[in-house]
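Contents: one structure, followed by commentary.
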Amino acid sequence: MIRMTIALFMTLLPFVAARADGDVARGEARFQECAACHRLQAGVNEVGPSLHGIFTRKAGELADFRYSPAMKRSGITWTAETLDKYIADPQGFIPANRMPYAGMTNATDRADLVAYLMKATN
């Protein structure tokens, strides 16, 4: 039982850290950069896939969106940590993906955005 509790805590730790570090209100403002291509509603894809339910989803998993082969084979499961790394440098984190975004270099801005997405995408 203790091992299972510790394992659950370790699994959720990236979510707790992102929520504690980021400001949701500032993250909502940061999301405006993303809103040109992404929606938060389930099943609503634009140029980019819906971000609804992104946390714990495998990259390239939505059946109704055409992902790059690089995204499909990345093997990534989206967590606060992996999303932070991806947003920082999309091409560096998953080379040859189709997202035409140079990246968000400011760590505080990314923490704010991830905190907002954690709240808004469930």
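Just remember, in the structure tokens the first chain shown is A, the second B, etc., residues are 1-based per chain, and ligands are 1-based in the order shown.
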Write out as CSV a residue-level contact list of stretch 6-91 of chain A versus stretch 101-120 of chain A with cut-off 7 Å: for each qualifying residue the closest pair of atoms and the distance in Å to one decimal, counting only C-alpha atoms, rows sorted by chain and residue number upward.
```
residue,atom,partner,partner_atom,distance
A:Ala18,CA,A:Ala115,CA,5.7
A:Arg19,CA,A:Ala115,CA,4.9
A:Asp21,CA,A:Ala111,CA,6.2
A:Gly22,CA,A:Asp112,CA,3.9
A:Asp23,CA,A:Asp112,CA,4.7
A:Val24,CA,A:Tyr116,CA,4.4
A:Arg26,CA,A:Asp112,CA,5.9
A:Gly27,CA,A:Leu113,CA,3.8
A:Glu28,CA,A:Tyr116,CA,5.7
A:Arg30,CA,A:Leu113,CA,5.9
A:Phe31,CA,A:Leu113,CA,6.3
A:Leu40,CA,A:Ala120,CA,7.0
A:Ala80,CA,A:Val114,CA,6.4
A:Asp84,CA,A:Arg110,CA,6.2
A:Ile87,CA,A:Gly103,CA,5.5
A:Ala88,CA,A:Met104,CA,4.8
A:Asp89,CA,A:Gly103,CA,4.7
A:Pro90,CA,A:Gly103,CA,6.1
```
File dump, residues just selected, N, CA and C atoms, as an mmCIF file, in the first residue's frame:
```
data_model
loop_
_atom_site.group_PDB
_atom_site.id
_atom_site.type_symbol
_atom_site.label_atom_id
_atom_site.label_comp_id
_atom_site.auth_asym_id
_atom_site.auth_seq_id
_atom_site.Cartn_x
_atom_site.Cartn_y
_atom_site.Cartn_z
ATOM 1 N N ALA A 18 3.981 21.894 -11.642
ATOM 2 C CA ALA A 18 3.569 22.885 -12.628
ATOM 3 C C ALA A 18 2.472 23.775 -12.077
ATOM 4 N N ARG A 19 1.529 23.201 -11.367
ATOM 5 C CA ARG A 19 0.435 23.986 -10.810
ATOM 6 C C ARG A 19 0.968 24.962 -9.759
ATOM 7 N N ASP A 21 4.029 26.212 -9.566
ATOM 8 C CA ASP A 21 4.969 27.172 -10.132
ATOM 9 C C ASP A 21 4.321 28.186 -11.064
ATOM 10 N N GLY A 22 3.229 27.812 -11.705
ATOM 11 C CA GLY A 22 2.651 28.676 -12.717
ATOM 12 C C GLY A 22 1.473 29.486 -12.218
ATOM 13 N N ASP A 23 1.251 30.607 -12.881
ATOM 14 C CA ASP A 23 0.119 31.475 -12.593
ATOM 15 C C ASP A 23 -0.939 31.254 -13.681
ATOM 16 N N VAL A 24 -2.094 30.744 -13.292
ATOM 17 C CA VAL A 24 -3.146 30.378 -14.242
ATOM 18 C C VAL A 24 -3.617 31.591 -15.050
ATOM 19 N N ARG A 26 -2.000 34.396 -15.814
ATOM 20 C CA ARG A 26 -0.978 34.752 -16.815
ATOM 21 C C ARG A 26 -0.911 33.692 -17.905
ATOM 22 N N GLY A 27 -1.109 32.422 -17.526
ATOM 23 C CA GLY A 27 -1.096 31.343 -18.507
ATOM 24 C C GLY A 27 -2.216 31.469 -19.514
ATOM 25 N N GLU A 28 -3.376 31.942 -19.061
ATOM 26 C CA GLU A 28 -4.496 32.157 -19.982
ATOM 27 C C GLU A 28 -4.115 33.202 -21.032
ATOM 28 N N ARG A 30 -1.043 33.816 -22.012
ATOM 29 C CA ARG A 30 -0.029 33.154 -22.850
ATOM 30 C C ARG A 30 -0.684 32.234 -23.873
ATOM 31 N N PHE A 31 -1.809 31.643 -23.510
ATOM 32 C CA PHE A 31 -2.487 30.712 -24.415
ATOM 33 C C PHE A 31 -2.942 31.396 -25.704
ATOM 34 N N LEU A 40 -9.430 24.168 -26.923
ATOM 35 C CA LEU A 40 -9.460 23.451 -25.650
ATOM 36 C C LEU A 40 -10.634 22.491 -25.553
ATOM 37 N N ALA A 80 3.110 17.550 -17.469
ATOM 38 C CA ALA A 80 3.556 18.935 -17.321
ATOM 39 C C ALA A 80 5.016 19.063 -17.775
ATOM 40 N N ASP A 84 6.217 21.091 -21.119
ATOM 41 C CA ASP A 84 7.139 22.207 -20.905
ATOM 42 C C ASP A 84 8.333 22.106 -21.849
ATOM 43 N N ILE A 87 7.112 22.796 -25.506
ATOM 44 C CA ILE A 87 6.803 24.204 -25.753
ATOM 45 C C ILE A 87 8.087 25.035 -25.815
ATOM 46 N N ALA A 88 9.093 24.670 -25.053
ATOM 47 C CA ALA A 88 10.371 25.392 -25.063
ATOM 48 C C ALA A 88 11.045 25.314 -26.422
ATOM 49 N N ASP A 89 11.005 24.140 -27.044
ATOM 50 C CA ASP A 89 11.702 23.924 -28.316
ATOM 51 C C ASP A 89 11.058 22.744 -29.049
ATOM 52 N N PRO A 90 9.940 22.992 -29.732
ATOM 53 C CA PRO A 90 9.220 21.889 -30.373
ATOM 54 C C PRO A 90 10.080 21.044 -31.319
#
```
Please return as a compact mmCIF listing (two decimals) with N, CA, C and O atoms, in the first residue's frame: the residues of stretch 76-119 of chain A that backbone DSSP assigns to alpha helix (DSSP H).
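Dumped to out_26.txt:
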```txt
# COMPACT_ATOMS: atom_id res chain seq x y z
N ALA A 80 3.11 17.55 -17.47
CA ALA A 80 3.56 18.93 -17.32
C ALA A 80 5.02 19.06 -17.77
O ALA A 80 5.38 20.02 -18.45
N GLU A 81 5.83 18.09 -17.42
CA GLU A 81 7.25 18.14 -17.76
C GLU A 81 7.49 18.00 -19.27
O GLU A 81 8.24 18.79 -19.85
N THR A 82 6.85 17.02 -19.90
CA THR A 82 7.09 16.84 -21.34
C THR A 82 6.51 17.99 -22.14
O THR A 82 7.13 18.43 -23.12
N LEU A 83 5.37 18.51 -21.73
CA LEU A 83 4.78 19.65 -22.44
C LEU A 83 5.67 20.88 -22.29
O LEU A 83 5.87 21.63 -23.26
N ASP A 84 6.22 21.09 -21.12
CA ASP A 84 7.14 22.21 -20.90
C ASP A 84 8.33 22.11 -21.85
O ASP A 84 8.71 23.08 -22.50
N LYS A 85 8.91 20.93 -21.95
CA LYS A 85 10.07 20.74 -22.84
C LYS A 85 9.68 20.95 -24.30
O LYS A 85 10.44 21.54 -25.07
N TYR A 86 8.51 20.47 -24.68
CA TYR A 86 8.05 20.62 -26.06
C TYR A 86 7.80 22.09 -26.39
O TYR A 86 8.22 22.58 -27.43
N ILE A 87 7.11 22.80 -25.51
CA ILE A 87 6.80 24.20 -25.75
C ILE A 87 8.09 25.03 -25.81
O ILE A 87 8.18 25.98 -26.59
N ALA A 88 9.09 24.67 -25.05
CA ALA A 88 10.37 25.39 -25.06
C ALA A 88 11.05 25.31 -26.42
O ALA A 88 11.59 26.30 -26.92
N PRO A 90 9.94 22.99 -29.73
CA PRO A 90 9.22 21.89 -30.37
C PRO A 90 10.08 21.04 -31.32
O PRO A 90 10.02 19.82 -31.28
N GLN A 91 10.89 21.68 -32.15
CA GLN A 91 11.71 20.92 -33.11
C GLN A 91 12.87 20.21 -32.43
O GLN A 91 13.28 19.14 -32.87
N GLY A 92 13.39 20.78 -31.37
CA GLY A 92 14.47 20.13 -30.64
C GLY A 92 13.97 18.93 -29.86
O GLY A 92 14.67 17.92 -29.74
N PHE A 93 12.76 19.04 -29.31
CA PHE A 93 12.21 17.95 -28.49
C PHE A 93 11.67 16.81 -29.34
O PHE A 93 11.87 15.65 -29.00
N ALA A 107 11.02 30.36 -19.11
CA ALA A 107 10.52 29.27 -18.26
C ALA A 107 9.30 29.68 -17.43
O ALA A 107 8.40 28.87 -17.21
N THR A 108 9.26 30.91 -16.99
CA THR A 108 8.10 31.38 -16.22
C THR A 108 6.86 31.42 -17.09
O THR A 108 5.78 31.00 -16.67
N ASP A 109 7.00 31.90 -18.32
CA ASP A 109 5.87 31.92 -19.25
C ASP A 109 5.37 30.50 -19.51
O ASP A 109 4.16 30.26 -19.54
N ARG A 110 6.29 29.57 -19.67
CA ARG A 110 5.89 28.17 -19.91
C ARG A 110 5.18 27.60 -18.70
O ARG A 110 4.17 26.90 -18.83
N ALA A 111 5.69 27.87 -17.50
CA ALA A 111 5.05 27.37 -16.28
C ALA A 111 3.63 27.92 -16.16
O ALA A 111 2.70 27.21 -15.79
N ASP A 112 3.47 29.20 -16.50
CA ASP A 112 2.14 29.81 -16.46
C ASP A 112 1.21 29.13 -17.47
O ASP A 112 0.07 28.80 -17.16
N LEU A 113 1.71 28.92 -18.68
CA LEU A 113 0.90 28.29 -19.72
C LEU A 113 0.52 26.87 -19.32
O LEU A 113 -0.64 26.47 -19.45
N VAL A 114 1.45 26.11 -18.82
CA VAL A 114 1.16 24.73 -18.41
C VAL A 114 0.16 24.72 -17.27
O VAL A 114 -0.78 23.91 -17.26
N ALA A 115 0.29 25.63 -16.31
CA ALA A 115 -0.68 25.71 -15.21
C ALA A 115 -2.07 25.99 -15.75
O ALA A 115 -3.05 25.37 -15.32
N TYR A 116 -2.17 26.90 -16.70
CA TYR A 116 -3.48 27.19 -17.31
C TYR A 116 -4.02 25.97 -18.05
O TYR A 116 -5.20 25.63 -17.91
N LEU A 117 -3.19 25.32 -18.83
CA LEU A 117 -3.65 24.15 -19.59
C LEU A 117 -4.10 23.03 -18.66
O LEU A 117 -5.07 22.32 -18.96
N MET A 118 -3.44 22.88 -17.53
CA MET A 118 -3.85 21.85 -16.57
C MET A 118 -5.25 22.12 -16.06
O MET A 118 -6.02 21.20 -15.85
N LYS A 119 -5.58 23.38 -15.90
CA LYS A 119 -6.90 23.75 -15.43
C LYS A 119 -7.94 23.69 -16.55
O LYS A 119 -9.06 23.22 -16.35
```
Shell of 12 Å around stretch 56-71 of chain A, only C-alpha atoms, local chain residues under 3 positions omitted, as a PyMOL selection string = chain A and resi 11-12+14-15+38+42-53+74-83+86+90-100+118+121-122
Write the residues of the preceding selection, restricted to C-alpha atoms, as a PDB file, in the first residue's frame.
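Writing the result to out23.pdb gives the following:
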```pdb
ATOM      1  CA  THR A  11       3.390  10.046 -11.058  1.00  0.00           C
ATOM      2  CA  LEU A  12       1.461  13.163 -10.062  1.00  0.00           C
ATOM      3  CA  PRO A  14       5.020  16.894 -12.338  1.00  0.00           C
ATOM      4  CA  PHE A  15       1.391  18.072 -12.280  1.00  0.00           C
ATOM      5  CA  HIS A  38      -5.377  24.906 -30.927  1.00  0.00           C
ATOM      6  CA  ALA A  42     -12.897  17.996 -26.997  1.00  0.00           C
ATOM      7  CA  GLY A  43     -13.082  17.008 -30.656  1.00  0.00           C
ATOM      8  CA  VAL A  44     -12.390  20.503 -31.996  1.00  0.00           C
ATOM      9  CA  ASN A  45      -9.265  20.394 -34.113  1.00  0.00           C
ATOM     10  CA  GLU A  46      -7.915  23.318 -36.085  1.00  0.00           C
ATOM     11  CA  VAL A  47      -4.470  23.567 -37.664  1.00  0.00           C
ATOM     12  CA  GLY A  48      -3.321  21.841 -34.471  1.00  0.00           C
ATOM     13  CA  PRO A  49      -5.095  19.144 -32.479  1.00  0.00           C
ATOM     14  CA  SER A  50      -7.518  19.794 -29.623  1.00  0.00           C
ATOM     15  CA  LEU A  51      -5.697  20.140 -26.322  1.00  0.00           C
ATOM     16  CA  HIS A  52      -8.648  18.811 -24.335  1.00  0.00           C
ATOM     17  CA  GLY A  53      -7.437  15.938 -22.156  1.00  0.00           C
ATOM     18  CA  SER A  74       7.767   9.842 -30.473  1.00  0.00           C
ATOM     19  CA  GLY A  75       6.447   7.583 -27.703  1.00  0.00           C
ATOM     20  CA  ILE A  76       5.822  10.625 -25.515  1.00  0.00           C
ATOM     21  CA  THR A  77       3.029  10.794 -22.974  1.00  0.00           C
ATOM     22  CA  TRP A  78       2.068  14.389 -22.260  1.00  0.00           C
ATOM     23  CA  THR A  79       2.772  15.492 -18.712  1.00  0.00           C
ATOM     24  CA  ALA A  80       3.556  18.935 -17.321  1.00  0.00           C
ATOM     25  CA  GLU A  81       7.247  18.145 -17.764  1.00  0.00           C
ATOM     26  CA  THR A  82       7.089  16.836 -21.340  1.00  0.00           C
ATOM     27  CA  LEU A  83       4.782  19.646 -22.440  1.00  0.00           C
ATOM     28  CA  TYR A  86       8.052  20.620 -26.055  1.00  0.00           C
ATOM     29  CA  PRO A  90       9.220  21.889 -30.373  1.00  0.00           C
ATOM     30  CA  GLN A  91      11.705  20.923 -33.108  1.00  0.00           C
ATOM     31  CA  GLY A  92      14.471  20.130 -30.641  1.00  0.00           C
ATOM     32  CA  PHE A  93      12.213  17.953 -28.489  1.00  0.00           C
ATOM     33  CA  ILE A  94      10.499  16.132 -31.374  1.00  0.00           C
ATOM     34  CA  PRO A  95      12.535  16.703 -34.542  1.00  0.00           C
ATOM     35  CA  ALA A  96      10.523  16.830 -37.789  1.00  0.00           C
ATOM     36  CA  ASN A  97       7.166  17.463 -36.106  1.00  0.00           C
ATOM     37  CA  ARG A  98       4.770  19.718 -38.032  1.00  0.00           C
ATOM     38  CA  MET A  99       4.179  22.434 -35.435  1.00  0.00           C
ATOM     39  CA  PRO A 100       5.478  25.698 -36.963  1.00  0.00           C
ATOM     40  CA  MET A 118      -3.846  21.852 -16.571  1.00  0.00           C
ATOM     41  CA  THR A 121      -8.083  21.003 -20.601  1.00  0.00           C
ATOM     42  CA  ASN A 122      -9.712  18.490 -18.287  1.00  0.00           C
TER      43      ASN A 122
END
```
